[in-house]
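All remarks here apply to the structure that follows.
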Amino acid sequence: VTETSALGHQTSIYGAMKLASESLIEAYCEGFGMRGDIFRLVSVVGEGYRHGNLMDFYNQLRTDQTHIRVLGSRTQRKYYIYAGDVVEAIVCAINHTHDGAETYNVSYGVSNTIDESIDAVCSALDIDPIRLSGGDTWTGDLPSLVLDTTKLHKLGWAPRTSIHEGMRRTVESFVERGL
């Protein structure tokens, strides 16, 4: 998905509101001659992370370290970006001069499987539970969404923290914070 791709039919309230918000920003910039920066982020991980599948897996395994249940397939692919890389992307974009509204995709560009997310949690907890999966995934879940980050790369931005390192830091912060 490029910044100019039509995002089409939305299956989640979050996605629909995000798309509506982007349209409002674009119209406001056009109507009032202002500048706006729109950022499309994949799931952001980092030391302040409070919700999402890493937290869900962690909470589930704190209760029962012998089993973990996953909705859908453990081979579903998810995209993450480390919070520090998001900050650098935003700084890079806002330091670029432009008129009107500009949209930027922010992603590491490489996905990992749900099983790899579970691996990050299990590694931090030093456990190896039985993994159970099946059934429907949650409403609005996208099986895969690949954001093209060429536009930010042309401005000089590139993420520094790998998905696996970002997940490791996130889950270790759960343990350190005593969550």
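In the structure tokens, each chain is lettered A, B, ... as it comes, each chain's residues begin at 1, and ligands are numbered from 1 in order of appearance.
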
Test item: residues at most 12 Å from A:Glu116, only C-alpha atoms, excluding those fewer than 3 positions along its chain, as a PyMOL selection string: chain A and resi 53-54+57+74-80+111-113+119-123+131+163-165+167-168

If we count only C-alpha atoms, what is near A:Val86 at a cut-off of 12 Å, once residues fewer than 6 positions away on the same chain are taken out, given as a list in words?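 In the requested format, the answer is Phe39, Arg40, Leu41, Val42, Ser43, Val44, Val45, Gly46, Tyr80, Cys92, Ala93, Tyr104, Asn105, Val106, Ser107, Tyr108, Leu152, Trp157, Ala158, Pro159, Arg160, Thr161 and Gly166 of chain A.
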
Since we have the selection now, will you write its residues out, keeping C-alpha atoms, as a compact mmCIF listing (two decimals), in the first residue's frame?
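Once written, out.txt looks like this:
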# COMPACT_ATOMS: atom_id res chain seq x y z
CA PHE A 39 1.29 9.12 9.35
CA ARG A 40 0.09 5.59 8.65
CA LEU A 41 1.66 3.38 11.29
CA VAL A 42 1.72 -0.37 11.63
CA SER A 43 1.50 -1.68 15.21
CA VAL A 44 3.96 0.26 17.36
CA VAL A 45 5.97 -1.66 19.97
CA GLY A 46 8.26 -0.36 22.69
CA TYR A 80 5.42 -3.86 13.84
CA CYS A 92 12.34 13.28 9.28
CA ALA A 93 8.98 14.03 7.64
CA TYR A 104 3.72 8.89 5.08
CA ASN A 105 3.71 5.14 5.65
CA VAL A 106 5.75 4.10 8.69
CA SER A 107 6.72 0.44 8.86
CA TYR A 108 9.75 -1.77 9.17
CA LEU A 152 10.19 8.21 3.80
CA TRP A 157 14.69 7.72 7.02
CA ALA A 158 15.25 4.05 7.71
CA PRO A 159 14.27 2.08 10.80
CA ARG A 160 17.16 1.06 13.04
CA THR A 161 15.48 -1.48 15.30
CA GLY A 166 11.61 -4.26 19.25

Residues within 9 Å of A:Gly48, only C-alpha atoms, excluding chain neighbours under 3 positions, as a list in words: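 Counting only C-alpha atoms, the residues come to Val45, Ala83, Thr170, Ser173 and Phe174 of chain A.
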
With a distance cut-off of 8 Å and only C-alpha atoms, select the neighbouring residues of A:Ser73, excluding the residue or stretch itself and same-chain residues fewer than 3 positions from it, and output the selection as a ChimeraX atom specification. /A:70,76,114,133-134

Would you please extract all alpha helix (DSSP H) residues from chain A, as assigned by DSSP on the backbone, and give them as a ChimeraX atom specification? /A:13-32,53-63,83-94,114-125,150-154,163-177
